[in-house]
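What follows is a single structure, written as structure tokens, with notes after it.
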Amino acid sequence: MSNIYDEIRKRALDIIDKDLFDRNMKIKARALTTEEAIGNPEADDFLLMKGKERLIQAELEGSVGQAFTDQYGDFDGSLKDILESDPSNNYRRSIFITSLNAALRHMGVKEGTIHCRDQEPAECAVQLGKHILSEYGIPKIKKETDFKSGHKASIDKEKCIECGLCRELCRWGAISEGYTVDSIECEGCVVCFHFCPENAINFPENTCGKWFISDTRFGPMVHAKLGVAEENSGKLVSLVRSESKKLAEQGSHDLIITDGAPGVGCPVIASIGGANVVLVVTEPTVSGAHDMERVLKLASHFSIPAMVCINKFDLNKDKAREIELITQEKNAVFIGQIPFNNLFTEAMVQGKNIIEYDPGSDAANTVKQIWDRVKISLFENPKQ
Ligand code: SF4
Ligand code: SF4
């Protein structure tokens, strides 16, 4: 069973009346039809309508609770049985959550235990949007620009005589029987362009996505969004970094934080080139240790001082210790480790960082200490 369910069960056992257990109160649960679940809303794109999920409903002496699930079925048993069971699959988890909702409703601790219906989801979305805007604001996009990279073929139907040569030569199967190019499949290899006897194939520059300059409550941010099935590239990362440098110089900002691309490929090289220091945030897993080691090699190759921090280190203390040793071997600085803590998720759900959400917590203090060490390293390695 995962940690989150351990935590929920622990808290539930603290809150729920012992009387509910002692009376061996019965829970009855079943999956609802779409109409029973959400009525008849105007929108037709709810996952419930597409059949990917169902809403399961539990009843405890007339008090109702609901939960989403992709594994559903009936249940008839006591609340005690449920809270003592191991929610090892999505069916059991949904029974666990929906029964908990029904019990909390029964005790009067919680009211919103059932899904809204008919037009209520749309109204709720509007209210939610207003709430997020008023409470937290959002990055305000000031500038939006197309990002173009590489080329994709496109067939001019006026010139095409449908000889079939391009279809025959395209190794990617990107050209349909009707002689249209699938831009997702097209690898831009230029073969069709060169061999078309009628010069019917154009090869325009490909728009892969967009990049933005936004204002946030922490200062300006340069960011990008790739189109569907478009791959990240060093070119895009370099563009984002050079625009952020211009912005920093214009606004006299003395620090640029680049959130590096994950992995070890070309976008990572573009992320760290020319940086004062590199901070690797890893996790205590085999792939975490492996990728960290490769990024440290990369940083060393470019003679950039590197630091390492382990997130959720207590989920695998042996692996965390191994990472610490690798850090020393690679002459990087180990600047700290952060334990697993649900507060980070709670903060994220609230749209806040941990310092804003719970400034006095151990989690916030750990992050502050790590940031202090990062600042020292920045001071020791000033911009050349
Ligand atoms: S090779 Fe040229 S002319 Fe022949 S089918 Fe393809 S686009 Fe049309
Ligand atoms: S450019 Fe290459 S991949 Fe794209 S359609 Fe032509 S032959 Fe196929």
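Starting from 1 in every chain, residues are counted up; chains themselves are A, B, ... following the order of the structure tokens, and ligands are numbered from 1 as listed.
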*What residues in range 14-200 of chain A get the DSSP label strand (DSSP E)? Please answer as a VMD selection string.*
chain A and resid 26 to 31 54 to 60 63 to 69 75 to 78 140 to 151 154 to 155
Can you write out the residues you just picked, keeping C-alpha atoms, as a CSV table (one decimal), in the first residue's frame?
```csv
chain,number,residue,atom,x,y,z
A,26,LYS,CA,-22.7,-1.4,6.8
A,27,ILE,CA,-21.5,0.3,3.7
A,28,LYS,CA,-23.2,-0.5,0.4
A,29,ALA,CA,-21.3,0.7,-2.8
A,30,ARG,CA,-22.1,0.4,-6.5
A,31,ALA,CA,-21.0,2.1,-9.8
A,54,ARG,CA,-17.1,5.5,-13.5
A,55,LEU,CA,-18.3,7.2,-10.3
A,56,ILE,CA,-18.8,4.8,-7.5
A,57,GLN,CA,-21.2,5.6,-4.7
A,58,ALA,CA,-21.2,4.4,-1.1
A,59,GLU,CA,-24.1,4.7,1.4
A,60,LEU,CA,-23.9,4.7,5.2
A,63,SER,CA,-25.3,9.4,4.0
A,64,VAL,CA,-23.6,9.3,0.6
A,65,GLY,CA,-20.0,9.6,-0.6
A,66,GLN,CA,-18.6,9.2,-4.1
A,67,ALA,CA,-15.2,8.6,-5.8
A,68,PHE,CA,-13.9,8.2,-9.4
A,69,THR,CA,-12.4,4.9,-10.5
A,75,PHE,CA,-19.4,-3.8,-2.2
A,76,ASP,CA,-21.4,-4.8,0.9
A,77,GLY,CA,-19.5,-4.8,4.2
A,78,SER,CA,-18.7,-2.9,7.3
A,140,LYS,CA,0.6,37.1,-17.4
A,141,ILE,CA,1.8,36.5,-20.9
A,142,LYS,CA,3.3,39.7,-22.4
A,143,LYS,CA,4.7,38.3,-25.6
A,144,GLU,CA,4.0,35.2,-27.6
A,145,THR,CA,6.2,34.1,-30.6
A,146,ASP,CA,6.1,31.1,-32.9
A,147,PHE,CA,9.1,28.7,-32.5
A,148,LYS,CA,10.2,27.3,-35.9
A,149,SER,CA,12.7,24.5,-36.3
A,150,GLY,CA,13.4,22.0,-39.1
A,151,HIS,CA,11.1,21.5,-42.2
A,154,SER,CA,3.7,19.4,-48.0
A,155,ILE,CA,2.3,18.4,-51.4
```
*Cut-off 6 Å, only C-alpha atoms and all ligand atoms, neighbours of ligand 1 as a PyMOL selection string*: chain A and resi 155+160-166+196-198+200-201
*List all protein, DNA and RNA residues that have at least one atom no more than 9 Å from any atom of ligand 2, counting only C-alpha atoms and all ligand atoms, and write them as a PyMOL selection string.*
chain A and resi 151-155+166-175+180-183+185-194+201+203
*Between CA of Ala122 in chain A and CA of Asp70 in chain A, what is the spacing in Å?*
23.0 Å
*Leaving out Asn353 in chain A and any residue of its chain fewer than 5 positions from it, which residues lie within 10 Å of it when counting only C-alpha atoms, given as a VMD selection string?*
chain A and resid 343 to 348 358 to 359 364
*Restricting the calculation to only C-alpha atoms, which member of A:Lys245, A:Ala12, A:Lys297, A:Pro220 is positioned closest to Leu100 in chain A?*
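Ranked by minimum distance to Leu100 in chain A, first place goes to A:Ala12.
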*If we count only C-alpha atoms, what is near Phe334 in chain A at a cut-off of 9 Å, once residues fewer than 3 positions away on the same chain are taken out, given as a VMD selection string?*
chain A and resid 306 to 310 324 327 to 328 337
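Counting only C-alpha atoms, the residue from A:Arg241, A:Arg373, A:Arg117, A:Arg11 that sits nearest to Val333 in chain A is A:Arg373.
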_Between CA of Gly336 in chain A and CA of Ile323 in chain A - distance in Å to one decimal_ =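 Between CA of Ile323 in chain A and CA of Gly336 in chain A the gap is 11.4 Å.
Closest to Tyr72 in chain A among A:Asp254, A:Glu53, A:Asp14, A:Glu380 is A:Glu53, based on only C-alpha atoms.
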*asked:* Can you tell me, as an NGL selection string, which residues in range 40-279 of chain A count as helix (DSSP H, G or I) by DSSP?
replied: :A and (47-50 or 79-84 or 90-106 or 120-136 or 165-169 or 191-195 or 234-250 or 266-272)
*Which residues, written as a list in words, have at least one atom at most 12 Å from Lys50 in chain A, with only C-alpha atoms counted and residues fewer than 6 positions away on the same chain left out?*
Thr33, Thr34, Ala43, Asp44 and Asp70 of chain A
Okay, now the selection with N, CA and C atoms, as an mmCIF file, in the first residue's frame?
```cif
data_model
loop_
_atom_site.group_PDB
_atom_site.id
_atom_site.type_symbol
_atom_site.label_atom_id
_atom_site.label_comp_id
_atom_site.auth_asym_id
_atom_site.auth_seq_id
_atom_site.Cartn_x
_atom_site.Cartn_y
_atom_site.Cartn_z
ATOM 1 N N THR A 33 -24.515 4.965 -13.200
ATOM 2 C CA THR A 33 -24.546 5.255 -14.636
ATOM 3 C C THR A 33 -24.116 6.709 -14.797
ATOM 4 N N THR A 34 -23.777 7.087 -16.040
ATOM 5 C CA THR A 34 -23.332 8.474 -16.268
ATOM 6 C C THR A 34 -24.404 9.466 -15.847
ATOM 7 N N ALA A 43 -21.661 20.091 -21.688
ATOM 8 C CA ALA A 43 -20.417 19.581 -22.271
ATOM 9 C C ALA A 43 -20.503 18.070 -22.440
ATOM 10 N N ASP A 44 -19.770 17.557 -23.428
ATOM 11 C CA ASP A 44 -19.825 16.114 -23.653
ATOM 12 C C ASP A 44 -18.441 15.475 -23.582
ATOM 13 N N ASP A 70 -11.432 3.623 -12.272
ATOM 14 C CA ASP A 70 -11.468 2.916 -13.552
ATOM 15 C C ASP A 70 -11.645 1.408 -13.327
#
```
_Distance of CA of Asn202 in chain A from CA of Ser176 in chain A, expressed in Å to one decimal place_ =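 Between these atoms lies a distance of 16.0 Å.
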Fewer than 4 positions away in the same chain doesn't count, so skip those; otherwise give me all residues within 7 Å of Val240 in chain A, counting only C-alpha atoms, as an mmCIF file with N, CA and C atoms, in the first residue's frame.
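Written file, part_12.cif:
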```cif
data_model
loop_
_atom_site.group_PDB
_atom_site.id
_atom_site.type_symbol
_atom_site.label_atom_id
_atom_site.label_comp_id
_atom_site.auth_asym_id
_atom_site.auth_seq_id
_atom_site.Cartn_x
_atom_site.Cartn_y
_atom_site.Cartn_z
ATOM 1 N N VAL A 222 10.720 33.448 -18.909
ATOM 2 C CA VAL A 222 10.678 33.067 -20.332
ATOM 3 C C VAL A 222 10.400 31.572 -20.369
ATOM 4 N N HIS A 223 9.404 31.168 -21.130
ATOM 5 C CA HIS A 223 9.038 29.753 -21.159
ATOM 6 C C HIS A 223 8.518 29.379 -22.543
ATOM 7 N N LEU A 236 15.590 25.141 -28.920
ATOM 8 C CA LEU A 236 14.537 25.826 -28.163
ATOM 9 C C LEU A 236 15.060 26.260 -26.791
ATOM 10 N N SER A 244 16.049 35.073 -21.955
ATOM 11 C CA SER A 244 16.037 35.396 -20.519
ATOM 12 C C SER A 244 17.260 36.232 -20.161
#
```
*Would you please work out which residue, of A:Cys266, A:Lys317, A:Phe302, A:Ile16, is nearest to Pro284 in chain A when using only C-alpha atoms?*
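Checking each of A:Cys266, A:Lys317, A:Phe302, A:Ile16 against Pro284 in chain A, counting only C-alpha atoms, the winner is A:Lys317.
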